[in-house]
Every structure is written in structure tokens, then in C-alpha cells.
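A.B. asks: Sending over a structure as C-alpha cells; questions will come in a sec.
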Amino acid sequence: MNIMDFNVKKLAADAGTFLSRAVQFTEEKLGQAEKTELDAHLENLLSKAECTKIWTEKIMKQTEVLLQPNPNARIEEFVYEKLDRKAPSRINNPELLGQYMIDAGTEFGPGTAYGNALIKCGETQKRIGTADRELIQTSALNFLTPLRNFIEGDYKTISKERKLLQNKRLDLDAAKTRLKKAKAAETRASSEQELRITQSEFDRQAEITRLLLEGISSTHAHHLRCLNDFVEAQMTYYAQCYQYMLDLQKQLGRCFPSNYHCNNNQTSVAPMPSASSNVIGSSALTSTSGLVIVSPSNLVDLKECSGSRKARVLYDYDAANSSELSLLADEVITVFSVVGMDSDWLMGERGNQKGRVPITYLELLN
């Protein structure tokens, strides 16, 4: 037998097998043939794998949108990834905004209040842009890549073996059908032999598929570790951004002249107290968000005073940690300065409770 004859016979056998499976599948759909059901454990494993695949894809895609909102940029990165090439470095939105602010501040003049503030804001935006870039890189490596590896690797293998199991099941049920239809003893013996072979192949493929599917639990454990890495990356990013903005707020507080008041075309500024008032923020900058940036010149008397004073609380304040004291609007507390404490804070005391309080939330009483 030459190679050509062998290939022809193999193609004929494959065609016969395909036709047999097609007939069996069609008859099952029409309710004209019996179908071997998988055991409950294997069905549960298959359902769990399919559920894992669906939700992993959704989480992966939405994480990509979160990290890179620009769809064109995502497509470009996808193309470069498929070409196994590194995407060109692109300036991100915070970095671009930061550069515009710095350029504007330089043109207005670094010596002017507005120009100086723009430059400081621009530098902070650039730092946020760098933190944003680090978040994307860390998340892609520690979170997105493992999820993608599961979809493109492990699940593809599971799908392949699952399809083989379906084919073996169709072969088994087709053999059962032929055995039922066999009349002659010789035909029946041949059909029984075929049934034993197809049953053995089905059982073997079911075991292979089961072993692969039981690995889904390990996949969940691995993805849990990756999720923890993603949360830590986000925590680091937001902590950095918060610290950058906190530092910027302090810098801007030193930029404003003591008689400067903020306003915009949407919200009017709250009336400022008279010059004779004892409100700590009497010549402070009040923003639309309700925060007050106090001019350092208003705090000299209090900071240099070694004694304690009574103060009325202007706004509710929730302590951020155990070193701070929560406040309720209109209550009266005792306040005093502590050497080495940040200029934006005083030590507050209410009965047996003591803790740091923000100076901008207080009105000194005579």
C-alpha cells in the first residue's frame, strides 16, 4: 500500500466518522436518539469553567478601559502586542495638562502669583502622570497578563479537550444506536466490539477533561493573588496622588497674599469676617468646596502663645486617625499649640478627649 492509498483510506474513514457524528447529533436534536449524559460532577466543572471564562473576559476588558480610557490607544497597543513589538511611549493626559500649565505659568511670569501657582500645579500634574504610568505598567504585568494567559492558554486547552469529549460522546452514542439496529449475529458482534472501544475512549477523554477542569480552582487561587496585587497597585497610586495634592495645597496656601480672595463665575464666595474678628481664617481664602486656606500671618499670635484658648468649631470634622479629634459644628473646645506641630494644626481638647484639629475649622474666642 502506497502513501496515497493510505491517505485516501484515512480521509474516507474521517468522512465516515464525521457523517456518523452529524447524524447522531441531528437525531438527538430531533428527539430520535438517546444521548449519554455526563455525570453531575463533570457538568458542574464545565459550568464553573465557562463561568470563569466569561467573567474573566469581562473583568479584563473593563480593567483595560479603566487603565486606558482612549479606545484608539487600546487598539494601537493591541496591534503592537500582536506584532510582538513595543508600543511607542505616549504622553498621558495628566502629563500633557501639566506641561500646558508649566508653559502658561512661564509665559505669565514665575514671579506673579498666578504664574507661580500654574507652574506648581503643572509639576504636580506631571508627577501624577508618572504615577499613572506606573499603575498601568504594574497592573498590566501583575493582573491583566495572568488573566489573558488563562483565556488564551488554559481555557483554549480546556475548550479543545471539551470538544474532543463531545465527539467521543457522539461516537459512543452512535455505536449504541448501531448495536440496537444490528440483527445478524456477526453484525451484532462487530457492533459490541465497536461499543467497547468507543466507551473506553469516551471514559479516557472524560477523565482527561475532568483533570483539566479541576485545575480551575487553582486558577481562582492564582487570580486572587493577582487581584491583591492590583489592589495594592491602586492603593499605592491613590496614596501618591493624595500626597501630591496635599503638598500642592500647602504650597498654594503660601502663594496667596493675605488680602486675596478667591471667586469664580459659578459660586459666590462666602462673606469674609471683619478685620476685628477673632476668626482664625479672617483673611483666608475660601474655596467653593468649603475648604479654607489660612494665611500664615493670621496665626502668628496663636502659634507664639504658650497658653490655651477657647475656640468655636465652624464645621463638622471626622478624624482621619487616632491622633486627631472629631469635631461638631458650634461646639466649644480648648486649643493650644505644640512645638514642632504642622502649622495647619492645633491640639484640641474636649473633656478627657485630646487630639489634633485642623486650624481652618476653628474660630477663636476671647
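Ordering of the C-alpha cells sets the chain letters (A, B, ...); residue numbers start at 1 within each chain; ligands are numbered from 1 in the order shown.
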What lies within 10 Å of Glu232 (chain A) using only C-alpha atoms, ignoring chain neighbours under 5 positions off, as a PDB file with N, CA, C and O atoms, in the first residue's frame?
C.D. replies:
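The new file around.pdb reads:
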```pdb
ATOM      1  N   LEU A 135       1.123  52.819  37.500  1.00  0.00           N
ATOM      2  CA  LEU A 135      -0.053  51.997  37.803  1.00  0.00           C
ATOM      3  C   LEU A 135      -0.404  51.114  36.614  1.00  0.00           C
ATOM      4  O   LEU A 135      -0.685  49.918  36.771  1.00  0.00           O
ATOM      5  N   THR A 138       2.310  48.299  36.205  1.00  0.00           N
ATOM      6  CA  THR A 138       2.220  47.292  37.268  1.00  0.00           C
ATOM      7  C   THR A 138       0.960  46.444  37.121  1.00  0.00           C
ATOM      8  O   THR A 138       1.008  45.214  37.257  1.00  0.00           O
ATOM      9  N   SER A 139      -0.166  47.083  36.824  1.00  0.00           N
ATOM     10  CA  SER A 139      -1.426  46.358  36.680  1.00  0.00           C
ATOM     11  C   SER A 139      -1.408  45.431  35.473  1.00  0.00           C
ATOM     12  O   SER A 139      -1.934  44.319  35.525  1.00  0.00           O
ATOM     13  N   CYS A 226      -3.383  37.723  42.120  1.00  0.00           N
ATOM     14  CA  CYS A 226      -3.214  38.799  41.138  1.00  0.00           C
ATOM     15  C   CYS A 226      -4.136  39.974  41.468  1.00  0.00           C
ATOM     16  O   CYS A 226      -3.746  41.140  41.306  1.00  0.00           O
ATOM     17  N   LEU A 227      -5.335  39.674  41.927  1.00  0.00           N
ATOM     18  CA  LEU A 227      -6.274  40.725  42.325  1.00  0.00           C
ATOM     19  C   LEU A 227      -5.718  41.522  43.493  1.00  0.00           C
ATOM     20  O   LEU A 227      -5.834  42.759  43.536  1.00  0.00           O
ATOM     21  N   TYR A 237      -1.043  54.035  44.080  1.00  0.00           N
ATOM     22  CA  TYR A 237      -1.303  55.142  43.152  1.00  0.00           C
ATOM     23  C   TYR A 237      -2.130  56.239  43.823  1.00  0.00           C
ATOM     24  O   TYR A 237      -1.761  57.424  43.773  1.00  0.00           O
ATOM     25  N   TYR A 238      -3.229  55.867  44.460  1.00  0.00           N
ATOM     26  CA  TYR A 238      -4.091  56.870  45.066  1.00  0.00           C
ATOM     27  C   TYR A 238      -3.418  57.536  46.270  1.00  0.00           C
ATOM     28  O   TYR A 238      -3.635  58.725  46.522  1.00  0.00           O
TER      29      TYR A 238
END
```
A.B. asks: Can you check which residues of region 69-206 of chain A DSSP gives as alpha helix (DSSP H) on the backbone and send them as a ChimeraX atom specification?
C.D. replies: /A:71-82,93-108,113-139,145-149,155-181,185-206
A.B. asks: Residues at most 8 Å from Met60 (chain A), counting only C-alpha atoms, excluding those fewer than 3 positions away in the same chain, as a list of chain:residue names?
C.D. replies: A:Thr56, A:Glu57, A:Thr63, A:Glu64, A:Leu144, A:Leu147, A:Arg148
A.B. asks: Counting only C-alpha atoms, what is within 9 Å of region 308-319 of chain A, bar same-chain residues fewer than 5 positions away, as a list of chain:residue names?
C.D. replies: A:Leu302, A:Glu324, A:Leu325, A:Ser326, A:Leu327, A:Leu328, A:Ala329, A:Asp330, A:Glu331, A:Val332, A:Ile333, A:Thr334, A:Val335, A:Phe336, A:Ser337, A:Gly355, A:Arg356, A:Val357, A:Pro358, A:Thr360, A:Tyr361, A:Leu362, A:Glu363, A:Leu364, A:Leu365, A:Asn366
A.B. asks: Go ahead and save the residues from that selection, with N, CA, C and O atoms, as a JSON list (two decimals), in the first residue's frame.
C.D. replies:
```json
[["chain", "number", "residue", "atom", "x", "y", "z"],
["A", 302, "LEU", "N", -1.39, 83.19, 67.76],
["A", 302, "LEU", "CA", -1.76, 81.93, 68.40],
["A", 302, "LEU", "C", -0.57, 81.00, 68.51],
["A", 302, "LEU", "O", -0.35, 80.36, 69.53],
["A", 324, "GLU", "N", -6.13, 62.39, 65.75],
["A", 324, "GLU", "CA", -6.96, 63.56, 65.52],
["A", 324, "GLU", "C", -8.22, 63.51, 66.37],
["A", 324, "GLU", "O", -8.61, 62.45, 66.88],
["A", 325, "LEU", "N", -8.87, 64.66, 66.49],
["A", 325, "LEU", "CA", -10.08, 64.77, 67.30],
["A", 325, "LEU", "C", -11.25, 65.13, 66.38],
["A", 325, "LEU", "O", -11.17, 66.09, 65.62],
["A", 326, "SER", "N", -12.32, 64.36, 66.42],
["A", 326, "SER", "CA", -13.51, 64.68, 65.63],
["A", 326, "SER", "C", -14.21, 65.89, 66.23],
["A", 326, "SER", "O", -14.23, 66.08, 67.44],
["A", 327, "LEU", "N", -14.81, 66.70, 65.34],
["A", 327, "LEU", "CA", -15.44, 67.95, 65.78],
["A", 327, "LEU", "C", -16.88, 68.02, 65.30],
["A", 327, "LEU", "O", -17.23, 67.48, 64.26],
["A", 328, "LEU", "N", -17.70, 68.75, 66.06],
["A", 328, "LEU", "CA", -19.08, 69.03, 65.68],
["A", 328, "LEU", "C", -19.25, 70.53, 65.58],
["A", 328, "LEU", "O", -18.75, 71.28, 66.44],
["A", 329, "ALA", "N", -19.93, 70.99, 64.57],
["A", 329, "ALA", "CA", -20.12, 72.41, 64.36],
["A", 329, "ALA", "C", -20.78, 73.06, 65.58],
["A", 329, "ALA", "O", -21.68, 72.49, 66.21],
["A", 330, "ASP", "N", -20.28, 74.25, 65.95],
["A", 330, "ASP", "CA", -20.81, 75.09, 67.03],
["A", 330, "ASP", "C", -20.38, 74.65, 68.43],
["A", 330, "ASP", "O", -20.69, 75.35, 69.41],
["A", 331, "GLU", "N", -19.71, 73.52, 68.58],
["A", 331, "GLU", "CA", -19.24, 73.17, 69.93],
["A", 331, "GLU", "C", -18.01, 74.00, 70.26],
["A", 331, "GLU", "O", -17.30, 74.51, 69.38],
["A", 332, "VAL", "N", -17.72, 74.15, 71.54],
["A", 332, "VAL", "CA", -16.58, 74.94, 72.02],
["A", 332, "VAL", "C", -15.56, 73.98, 72.63],
["A", 332, "VAL", "O", -15.90, 73.15, 73.47],
["A", 333, "ILE", "N", -14.31, 74.10, 72.19],
["A", 333, "ILE", "CA", -13.25, 73.25, 72.70],
["A", 333, "ILE", "C", -12.06, 74.12, 73.12],
["A", 333, "ILE", "O", -12.02, 75.32, 72.82],
["A", 334, "THR", "N", -11.13, 73.52, 73.82],
["A", 334, "THR", "CA", -9.89, 74.20, 74.21],
["A", 334, "THR", "C", -8.81, 73.83, 73.20],
["A", 334, "THR", "O", -8.67, 72.66, 72.84],
["A", 335, "VAL", "N", -8.06, 74.83, 72.75],
["A", 335, "VAL", "CA", -6.99, 74.57, 71.78],
["A", 335, "VAL", "C", -5.69, 75.20, 72.26],
["A", 335, "VAL", "O", -5.70, 76.20, 72.99],
["A", 336, "PHE", "N", -4.60, 74.61, 71.89],
["A", 336, "PHE", "CA", -3.28, 75.18, 72.21],
["A", 336, "PHE", "C", -2.28, 74.64, 71.21],
["A", 336, "PHE", "O", -2.49, 73.62, 70.56],
["A", 337, "SER", "N", -1.20, 75.37, 71.04],
["A", 337, "SER", "CA", -0.18, 74.99, 70.07],
["A", 337, "SER", "C", 0.85, 74.08, 70.74],
["A", 337, "SER", "O", 1.05, 74.12, 71.95],
["A", 355, "GLY", "N", -6.70, 65.60, 70.81],
["A", 355, "GLY", "CA", -6.19, 65.21, 69.50],
["A", 355, "GLY", "C", -5.97, 66.43, 68.62],
["A", 355, "GLY", "O", -6.40, 67.55, 68.94],
["A", 356, "ARG", "N", -5.30, 66.21, 67.53],
["A", 356, "ARG", "CA", -5.03, 67.29, 66.58],
["A", 356, "ARG", "C", -6.33, 67.72, 65.89],
["A", 356, "ARG", "O", -7.17, 66.89, 65.58],
["A", 357, "VAL", "N", -6.44, 69.04, 65.65],
["A", 357, "VAL", "CA", -7.62, 69.56, 64.94],
["A", 357, "VAL", "C", -7.13, 70.53, 63.86],
["A", 357, "VAL", "O", -6.15, 71.24, 64.05],
["A", 358, "PRO", "N", -7.81, 70.57, 62.71],
["A", 358, "PRO", "CA", -7.40, 71.48, 61.64],
["A", 358, "PRO", "C", -7.73, 72.92, 62.01],
["A", 358, "PRO", "O", -8.85, 73.23, 62.43],
["A", 360, "THR", "N", -8.28, 75.50, 60.30],
["A", 360, "THR", "CA", -9.25, 76.22, 59.48],
["A", 360, "THR", "C", -10.69, 75.94, 59.86],
["A", 360, "THR", "O", -11.60, 76.55, 59.30],
["A", 361, "TYR", "N", -10.91, 75.04, 60.80],
["A", 361, "TYR", "CA", -12.26, 74.70, 61.22],
["A", 361, "TYR", "C", -12.64, 75.42, 62.51],
["A", 361, "TYR", "O", -13.70, 75.15, 63.08],
["A", 362, "LEU", "N", -11.80, 76.37, 62.97],
["A", 362, "LEU", "CA", -11.99, 76.96, 64.30],
["A", 362, "LEU", "C", -12.16, 78.46, 64.24],
["A", 362, "LEU", "O", -11.65, 79.14, 63.33],
["A", 363, "GLU", "N", -12.87, 78.98, 65.26],
["A", 363, "GLU", "CA", -12.98, 80.42, 65.49],
["A", 363, "GLU", "C", -12.56, 80.69, 66.93],
["A", 363, "GLU", "O", -13.18, 80.16, 67.87],
["A", 364, "LEU", "N", -11.49, 81.47, 67.10],
["A", 364, "LEU", "CA", -11.02, 81.75, 68.45],
["A", 364, "LEU", "C", -11.99, 82.63, 69.21],
["A", 364, "LEU", "O", -12.61, 83.52, 68.64],
["A", 365, "LEU", "N", -12.13, 82.36, 70.49],
["A", 365, "LEU", "CA", -12.99, 83.15, 71.36],
["A", 365, "LEU", "C", -12.15, 83.94, 72.35],
["A", 365, "LEU", "O", -11.07, 83.50, 72.75],
["A", 366, "ASN", "N", -12.62, 85.13, 72.71],
["A", 366, "ASN", "CA", -11.88, 85.94, 73.66],
["A", 366, "ASN", "C", -11.92, 85.32, 75.04],
["A", 366, "ASN", "O", -12.90, 84.70, 75.41]]
```
A.B. asks: Can you pull out the residues contacting Glu34 (chain A)? Cut-off 10 Å, using only C-alpha atoms, and skip same-chain residues under 2 positions away; I want them as a list in words.
C.D. replies: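 Returned residues: Gln24, Phe25, Glu27, Glu28, Lys29, Gly31, Gln32, Thr36, Glu37, Asp173, Ala174, Lys176 and Thr177 of chain A.
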A.B. asks: Output all heavy atoms of each residue in that selection to a file, as a short mmCIF file (atom, residue, chain, number, x, y, z; two decimals), in the first residue's frame.
C.D. replies:
```cif
data_model
loop_
_atom_site.label_atom_id
_atom_site.label_comp_id
_atom_site.auth_asym_id
_atom_site.auth_seq_id
_atom_site.Cartn_x
_atom_site.Cartn_y
_atom_site.Cartn_z
N GLN A 24 -25.91 11.46 14.34
CA GLN A 24 -26.24 11.27 15.75
C GLN A 24 -26.67 12.59 16.38
O GLN A 24 -27.67 12.65 17.10
CB GLN A 24 -25.03 10.69 16.50
CG GLN A 24 -25.24 10.51 17.99
CD GLN A 24 -26.29 9.47 18.33
OE1 GLN A 24 -26.51 8.54 17.56
NE2 GLN A 24 -26.94 9.62 19.47
N PHE A 25 -25.93 13.66 16.09
CA PHE A 25 -26.24 14.98 16.66
C PHE A 25 -27.61 15.45 16.20
O PHE A 25 -28.42 15.96 17.00
CB PHE A 25 -25.16 15.98 16.24
CG PHE A 25 -25.36 17.36 16.78
CD1 PHE A 25 -24.99 17.68 18.08
CD2 PHE A 25 -25.94 18.36 15.99
CE1 PHE A 25 -25.20 18.95 18.58
CE2 PHE A 25 -26.14 19.63 16.49
CZ PHE A 25 -25.76 19.93 17.79
N GLU A 27 -30.18 13.63 15.10
CA GLU A 27 -31.25 12.80 15.67
C GLU A 27 -31.49 13.14 17.14
O GLU A 27 -32.63 13.09 17.62
CB GLU A 27 -30.89 11.32 15.51
CG GLU A 27 -30.97 10.83 14.05
CD GLU A 27 -30.62 9.36 13.92
OE1 GLU A 27 -30.11 8.78 14.90
OE2 GLU A 27 -30.85 8.80 12.83
N GLU A 28 -30.42 13.49 17.85
CA GLU A 28 -30.59 13.91 19.25
C GLU A 28 -31.41 15.19 19.33
O GLU A 28 -32.29 15.32 20.18
CB GLU A 28 -29.23 14.12 19.90
CG GLU A 28 -28.46 12.83 20.18
CD GLU A 28 -27.08 13.08 20.74
OE1 GLU A 28 -26.70 14.27 20.89
OE2 GLU A 28 -26.38 12.10 21.01
N LYS A 29 -31.11 16.12 18.44
CA LYS A 29 -31.84 17.38 18.45
C LYS A 29 -33.31 17.18 18.10
O LYS A 29 -34.19 17.90 18.59
CB LYS A 29 -31.20 18.36 17.45
CG LYS A 29 -29.83 18.88 17.87
CD LYS A 29 -29.91 19.67 19.16
CE LYS A 29 -28.57 20.24 19.58
NZ LYS A 29 -28.66 21.00 20.87
N GLY A 31 -34.93 14.51 18.88
CA GLY A 31 -35.51 13.61 19.85
C GLY A 31 -35.65 12.19 19.36
O GLY A 31 -36.45 11.41 19.90
N GLN A 32 -34.88 11.83 18.34
CA GLN A 32 -34.98 10.49 17.76
C GLN A 32 -33.85 9.56 18.20
O GLN A 32 -33.78 8.42 17.76
CB GLN A 32 -34.98 10.61 16.22
CG GLN A 32 -36.15 11.40 15.67
CD GLN A 32 -36.04 11.63 14.18
OE1 GLN A 32 -35.04 11.27 13.56
NE2 GLN A 32 -37.08 12.23 13.58
N THR A 36 -26.03 10.16 25.84
CA THR A 36 -25.34 9.83 27.08
C THR A 36 -25.07 11.11 27.86
O THR A 36 -24.43 12.04 27.34
CB THR A 36 -24.00 9.12 26.80
OG1 THR A 36 -24.26 7.90 26.10
CG2 THR A 36 -23.26 8.83 28.10
N GLU A 37 -25.58 11.20 29.07
CA GLU A 37 -25.39 12.39 29.90
C GLU A 37 -24.10 12.28 30.69
O GLU A 37 -23.72 11.21 31.14
CB GLU A 37 -26.57 12.57 30.86
CG GLU A 37 -27.92 12.75 30.18
CD GLU A 37 -28.01 14.06 29.41
OE1 GLU A 37 -27.21 14.97 29.67
OE2 GLU A 37 -28.89 14.14 28.53
N ASP A 173 -22.54 7.19 21.45
CA ASP A 173 -23.99 7.07 21.25
C ASP A 173 -24.33 6.53 19.86
O ASP A 173 -25.33 5.80 19.69
CB ASP A 173 -24.66 8.43 21.47
CG ASP A 173 -24.67 8.82 22.95
OD1 ASP A 173 -24.59 7.90 23.78
OD2 ASP A 173 -24.76 10.02 23.26
N ALA A 174 -23.51 6.86 18.86
CA ALA A 174 -23.74 6.30 17.52
C ALA A 174 -23.51 4.79 17.54
O ALA A 174 -24.25 4.03 16.89
CB ALA A 174 -22.80 6.97 16.52
N LYS A 176 -23.94 2.84 20.14
CA LYS A 176 -25.08 2.27 20.85
C LYS A 176 -26.28 2.12 19.90
O LYS A 176 -27.00 1.12 19.92
CB LYS A 176 -25.47 3.15 22.03
CG LYS A 176 -24.48 3.12 23.19
CD LYS A 176 -24.94 4.05 24.31
CE LYS A 176 -23.97 4.02 25.48
NZ LYS A 176 -24.40 4.94 26.57
N THR A 177 -26.47 3.13 19.06
CA THR A 177 -27.59 3.09 18.10
C THR A 177 -27.40 1.96 17.09
O THR A 177 -28.35 1.23 16.76
CB THR A 177 -27.70 4.44 17.37
OG1 THR A 177 -27.92 5.48 18.33
CG2 THR A 177 -28.85 4.42 16.37
#
```
A.B. asks: Pick out the residues sitting within 12 Å of His220 (chain A), and hand them over as a PDB file with all heavy atoms, in the first residue's frame; count only C-alpha atoms, and ignore anything fewer than 5 positions along from it in its own chain.
C.D. replies:
```pdb
ATOM      1  N   LYS A  48     -18.517  25.683  35.795  1.00  0.00           N
ATOM      2  CA  LYS A  48     -17.605  26.567  36.530  1.00  0.00           C
ATOM      3  C   LYS A  48     -16.544  27.144  35.604  1.00  0.00           C
ATOM      4  O   LYS A  48     -16.195  28.334  35.693  1.00  0.00           O
ATOM      5  CB  LYS A  48     -16.952  25.781  37.669  1.00  0.00           C
ATOM      6  CG  LYS A  48     -16.046  26.611  38.564  1.00  0.00           C
ATOM      7  CD  LYS A  48     -15.491  25.765  39.694  1.00  0.00           C
ATOM      8  CE  LYS A  48     -14.584  26.575  40.604  1.00  0.00           C
ATOM      9  NZ  LYS A  48     -14.030  25.744  41.705  1.00  0.00           N
ATOM     10  N   ALA A  49     -16.026  26.326  34.697  1.00  0.00           N
ATOM     11  CA  ALA A  49     -15.007  26.786  33.752  1.00  0.00           C
ATOM     12  C   ALA A  49     -15.580  27.834  32.807  1.00  0.00           C
ATOM     13  O   ALA A  49     -14.943  28.861  32.531  1.00  0.00           O
ATOM     14  CB  ALA A  49     -14.458  25.607  32.953  1.00  0.00           C
ATOM     15  N   CYS A  51     -18.177  29.778  33.328  1.00  0.00           N
ATOM     16  CA  CYS A  51     -18.448  30.981  34.123  1.00  0.00           C
ATOM     17  C   CYS A  51     -17.160  31.763  34.378  1.00  0.00           C
ATOM     18  O   CYS A  51     -17.133  32.993  34.272  1.00  0.00           O
ATOM     19  CB  CYS A  51     -19.102  30.575  35.444  1.00  0.00           C
ATOM     20  SG  CYS A  51     -19.557  31.954  36.508  1.00  0.00           S
ATOM     21  N   THR A  52     -16.093  31.052  34.682  1.00  0.00           N
ATOM     22  CA  THR A  52     -14.801  31.700  34.923  1.00  0.00           C
ATOM     23  C   THR A  52     -14.312  32.414  33.678  1.00  0.00           C
ATOM     24  O   THR A  52     -13.806  33.541  33.739  1.00  0.00           O
ATOM     25  CB  THR A  52     -13.754  30.652  35.355  1.00  0.00           C
ATOM     26  OG1 THR A  52     -14.196  30.002  36.548  1.00  0.00           O
ATOM     27  CG2 THR A  52     -12.401  31.297  35.608  1.00  0.00           C
ATOM     28  N   LYS A  53     -14.477  31.769  32.544  1.00  0.00           N
ATOM     29  CA  LYS A  53     -14.040  32.364  31.275  1.00  0.00           C
ATOM     30  C   LYS A  53     -14.809  33.647  30.972  1.00  0.00           C
ATOM     31  O   LYS A  53     -14.224  34.678  30.611  1.00  0.00           O
ATOM     32  CB  LYS A  53     -14.227  31.341  30.164  1.00  0.00           C
ATOM     33  CG  LYS A  53     -13.822  31.837  28.782  1.00  0.00           C
ATOM     34  CD  LYS A  53     -15.021  32.065  27.902  1.00  0.00           C
ATOM     35  CE  LYS A  53     -14.630  32.416  26.473  1.00  0.00           C
ATOM     36  NZ  LYS A  53     -15.797  32.724  25.635  1.00  0.00           N
ATOM     37  N   TRP A  55     -16.531  35.721  32.998  1.00  0.00           N
ATOM     38  CA  TRP A  55     -16.270  36.838  33.904  1.00  0.00           C
ATOM     39  C   TRP A  55     -14.826  37.320  33.835  1.00  0.00           C
ATOM     40  O   TRP A  55     -14.557  38.520  34.024  1.00  0.00           O
ATOM     41  CB  TRP A  55     -16.648  36.450  35.335  1.00  0.00           C
ATOM     42  CG  TRP A  55     -18.123  36.472  35.539  1.00  0.00           C
ATOM     43  CD1 TRP A  55     -18.953  35.409  35.731  1.00  0.00           C
ATOM     44  CD2 TRP A  55     -18.969  37.625  35.533  1.00  0.00           C
ATOM     45  NE1 TRP A  55     -20.251  35.816  35.850  1.00  0.00           N
ATOM     46  CE2 TRP A  55     -20.293  37.178  35.732  1.00  0.00           C
ATOM     47  CE3 TRP A  55     -18.739  38.996  35.382  1.00  0.00           C
ATOM     48  CZ2 TRP A  55     -21.371  38.050  35.784  1.00  0.00           C
ATOM     49  CZ3 TRP A  55     -19.829  39.856  35.428  1.00  0.00           C
ATOM     50  CH2 TRP A  55     -21.120  39.387  35.624  1.00  0.00           C
ATOM     51  N   THR A  56     -13.911  36.427  33.554  1.00  0.00           N
ATOM     52  CA  THR A  56     -12.516  36.848  33.394  1.00  0.00           C
ATOM     53  C   THR A  56     -12.382  37.783  32.199  1.00  0.00           C
ATOM     54  O   THR A  56     -11.679  38.800  32.265  1.00  0.00           O
ATOM     55  CB  THR A  56     -11.599  35.624  33.206  1.00  0.00           C
ATOM     56  OG1 THR A  56     -11.689  34.791  34.372  1.00  0.00           O
ATOM     57  CG2 THR A  56     -10.145  36.049  33.019  1.00  0.00           C
ATOM     58  N   PRO A 146      -1.841  37.733  33.673  1.00  0.00           N
ATOM     59  CA  PRO A 146      -2.323  36.414  34.116  1.00  0.00           C
ATOM     60  C   PRO A 146      -3.747  36.098  33.644  1.00  0.00           C
ATOM     61  O   PRO A 146      -4.036  34.955  33.279  1.00  0.00           O
ATOM     62  CB  PRO A 146      -2.253  36.511  35.651  1.00  0.00           C
ATOM     63  CG  PRO A 146      -1.212  37.537  35.916  1.00  0.00           C
ATOM     64  CD  PRO A 146      -1.365  38.538  34.811  1.00  0.00           C
ATOM     65  N   LEU A 147      -4.633  37.099  33.643  1.00  0.00           N
ATOM     66  CA  LEU A 147      -5.994  36.861  33.159  1.00  0.00           C
ATOM     67  C   LEU A 147      -5.982  36.510  31.672  1.00  0.00           C
ATOM     68  O   LEU A 147      -6.680  35.586  31.232  1.00  0.00           O
ATOM     69  CB  LEU A 147      -6.863  38.103  33.382  1.00  0.00           C
ATOM     70  CG  LEU A 147      -7.089  38.566  34.826  1.00  0.00           C
ATOM     71  CD1 LEU A 147      -8.113  39.690  34.871  1.00  0.00           C
ATOM     72  CD2 LEU A 147      -7.524  37.426  35.730  1.00  0.00           C
ATOM     73  N   PHE A 150      -4.775  33.000  30.992  1.00  0.00           N
ATOM     74  CA  PHE A 150      -5.813  31.984  31.227  1.00  0.00           C
ATOM     75  C   PHE A 150      -6.736  31.862  30.015  1.00  0.00           C
ATOM     76  O   PHE A 150      -7.025  30.751  29.553  1.00  0.00           O
ATOM     77  CB  PHE A 150      -6.634  32.334  32.468  1.00  0.00           C
ATOM     78  CG  PHE A 150      -7.891  31.522  32.604  1.00  0.00           C
ATOM     79  CD1 PHE A 150      -7.843  30.181  32.960  1.00  0.00           C
ATOM     80  CD2 PHE A 150      -9.136  32.096  32.340  1.00  0.00           C
ATOM     81  CE1 PHE A 150      -9.010  29.431  33.057  1.00  0.00           C
ATOM     82  CE2 PHE A 150     -10.307  31.351  32.442  1.00  0.00           C
ATOM     83  CZ  PHE A 150     -10.241  30.016  32.798  1.00  0.00           C
ATOM     84  N   LEU A 213     -10.307  20.438  34.187  1.00  0.00           N
ATOM     85  CA  LEU A 213     -11.311  21.305  34.791  1.00  0.00           C
ATOM     86  C   LEU A 213     -11.098  21.497  36.284  1.00  0.00           C
ATOM     87  O   LEU A 213     -11.403  22.557  36.837  1.00  0.00           O
ATOM     88  CB  LEU A 213     -12.711  20.731  34.536  1.00  0.00           C
ATOM     89  CG  LEU A 213     -13.192  20.775  33.082  1.00  0.00           C
ATOM     90  CD1 LEU A 213     -14.477  19.982  32.927  1.00  0.00           C
ATOM     91  CD2 LEU A 213     -13.404  22.214  32.632  1.00  0.00           C
ATOM     92  N   GLU A 214     -10.577  20.483  36.956  1.00  0.00           N
ATOM     93  CA  GLU A 214     -10.320  20.614  38.391  1.00  0.00           C
ATOM     94  C   GLU A 214      -9.217  21.620  38.668  1.00  0.00           C
ATOM     95  O   GLU A 214      -9.066  22.103  39.798  1.00  0.00           O
ATOM     96  CB  GLU A 214      -9.980  19.242  38.984  1.00  0.00           C
ATOM     97  CG  GLU A 214     -11.200  18.324  39.095  1.00  0.00           C
ATOM     98  CD  GLU A 214     -10.866  16.947  39.630  1.00  0.00           C
ATOM     99  OE1 GLU A 214      -9.669  16.595  39.655  1.00  0.00           O
ATOM    100  OE2 GLU A 214     -11.805  16.214  40.008  1.00  0.00           O
ATOM    101  N   GLY A 215      -8.444  21.957  37.633  1.00  0.00           N
ATOM    102  CA  GLY A 215      -7.423  22.993  37.792  1.00  0.00           C
ATOM    103  C   GLY A 215      -7.993  24.396  37.874  1.00  0.00           C
ATOM    104  O   GLY A 215      -7.261  25.352  38.180  1.00  0.00           O
ATOM    105  N   ARG A 225      -4.532  36.079  44.031  1.00  0.00           N
ATOM    106  CA  ARG A 225      -3.246  36.726  44.335  1.00  0.00           C
ATOM    107  C   ARG A 225      -3.009  37.904  43.383  1.00  0.00           C
ATOM    108  O   ARG A 225      -2.515  38.954  43.799  1.00  0.00           O
ATOM    109  CB  ARG A 225      -2.109  35.714  44.231  1.00  0.00           C
ATOM    110  CG  ARG A 225      -2.135  34.631  45.312  1.00  0.00           C
ATOM    111  CD  ARG A 225      -0.856  33.828  45.334  1.00  0.00           C
ATOM    112  NE  ARG A 225      -0.701  33.030  44.115  1.00  0.00           N
ATOM    113  CZ  ARG A 225      -1.154  31.804  43.967  1.00  0.00           C
ATOM    114  NH1 ARG A 225      -1.832  31.222  44.952  1.00  0.00           N
ATOM    115  NH2 ARG A 225      -0.964  31.141  42.835  1.00  0.00           N
ATOM    116  N   CYS A 226      -3.383  37.723  42.120  1.00  0.00           N
ATOM    117  CA  CYS A 226      -3.214  38.799  41.138  1.00  0.00           C
ATOM    118  C   CYS A 226      -4.136  39.974  41.468  1.00  0.00           C
ATOM    119  O   CYS A 226      -3.746  41.140  41.306  1.00  0.00           O
ATOM    120  CB  CYS A 226      -3.517  38.290  39.730  1.00  0.00           C
ATOM    121  SG  CYS A 226      -2.377  37.010  39.159  1.00  0.00           S
ATOM    122  N   LEU A 227      -5.335  39.674  41.927  1.00  0.00           N
ATOM    123  CA  LEU A 227      -6.274  40.725  42.325  1.00  0.00           C
ATOM    124  C   LEU A 227      -5.718  41.522  43.493  1.00  0.00           C
ATOM    125  O   LEU A 227      -5.834  42.759  43.536  1.00  0.00           O
ATOM    126  CB  LEU A 227      -7.620  40.104  42.691  1.00  0.00           C
ATOM    127  CG  LEU A 227      -8.719  41.066  43.144  1.00  0.00           C
ATOM    128  CD1 LEU A 227      -9.072  42.044  42.037  1.00  0.00           C
ATOM    129  CD2 LEU A 227      -9.956  40.292  43.583  1.00  0.00           C
TER     130      LEU A 227
END
```
